[in-house]
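**Q** Here it is: the structure, laid out below.
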Amino acid sequence: MEEKEWLTVPGVDGYEINHEMEVRRMTRNGWKTINTLQGYVNVRIKDKKTRRSVPRLL
């Protein structure tokens, strides 16, 4: 099985995205993949909660 290459999301601590537009975040227990079926993710940027589309994270 081929391992996926994860890239750090710029400006958002603890989030990564791969070329298949899958998003994961770091938790106390390790990495957790986020459900992006609707195409949006809730993230915290500069201590402010916001909702971003997955392509806009890059």
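Here, A, B, ... name the chains of the structure tokens in the order displayed, residue numbers run from 1 inside each chain, and ligands are numbered from 1 in the same displayed order.
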Can you pull out the residues contacting Leu7 of chain A? Cut-off 8 Å, using only C-alpha atoms, and skip same-chain residues under 3 positions away; I want them as JSON, numbers by chain.
**A** {"A": [16, 17, 18]}
**Q** Export N, CA, C and O atoms of the chosen residues as a compact mmCIF listing (two decimals), in the first residue's frame?
**A**
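And here is the file that came out, out.txt:
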# COMPACT_ATOMS: atom_id res chain seq x y z
N GLU A 16 -3.08 19.08 8.33
CA GLU A 16 -2.37 18.68 7.13
C GLU A 16 -3.38 18.27 6.07
O GLU A 16 -4.51 17.89 6.38
N ILE A 17 -2.97 18.35 4.80
CA ILE A 17 -3.83 18.01 3.67
C ILE A 17 -3.00 17.21 2.67
O ILE A 17 -1.79 17.41 2.58
N ASN A 18 -3.63 16.30 1.94
CA ASN A 18 -2.91 15.54 0.91
C ASN A 18 -3.46 15.88 -0.47
O ASN A 18 -4.39 16.68 -0.61
**Q** Which residues come within 7 Å of segment 53-56 of chain A, counting only C-alpha atoms, excluding same-chain residues fewer than 4 positions away, as a list in words?
**A**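 Listed by chain and then number, they are Met21, Gly39, Tyr40 and Val41 of chain A.
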**Q** I need the strand (DSSP E or B) residues of chain A per DSSP on the backbone, written as a PyMOL selection string.
**A** chain A and resi 6-8+15-18+23-27+30-34+40-45+48-53
**Q** Grab the atom CA of Lys4 of chain A to atom CA of Arg52 of chain A distance for me, in Å with one decimal place.
**A**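 Computing it gives 22.5 Å between the two atoms.
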**Q** Go ahead and compute the interatomic distance for atom CA of His19 of chain A and atom CA of Lys48 of chain A, in Å to one decimal.
**A**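 Between atom CA of His19 of chain A and atom CA of Lys48 of chain A the gap works out to 26.3 Å.
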**Q** Name the closest residue to Gly11 of chain A among the candidates A:Leu58, A:Leu37, A:Arg51, A:Gly30; distances are taken between atoms, counting only C-alpha atoms.
**A** A:Leu58
**Q** Could you state the separation of atom CA of Thr36 of chain A and atom CA of Leu57 of chain A in Å, given to one decimal place?
**A**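 Separating atom CA of Thr36 of chain A from atom CA of Leu57 of chain A is a distance of 12.3 Å.
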**Q** Between A:Ile45, A:Glu2, A:Thr50, A:Asn35, single out the one closest to Val23 of chain A, counting only C-alpha atoms.
**A**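 Counting only C-alpha atoms, the residue closest to Val23 of chain A is A:Asn35.
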**Q** Under the rule that only C-alpha atoms are counted, which of A:Glu5, A:Glu20, A:Lys49, A:Gly14 is the nearest residue to Lys32 of chain A?
**A** A:Gly14
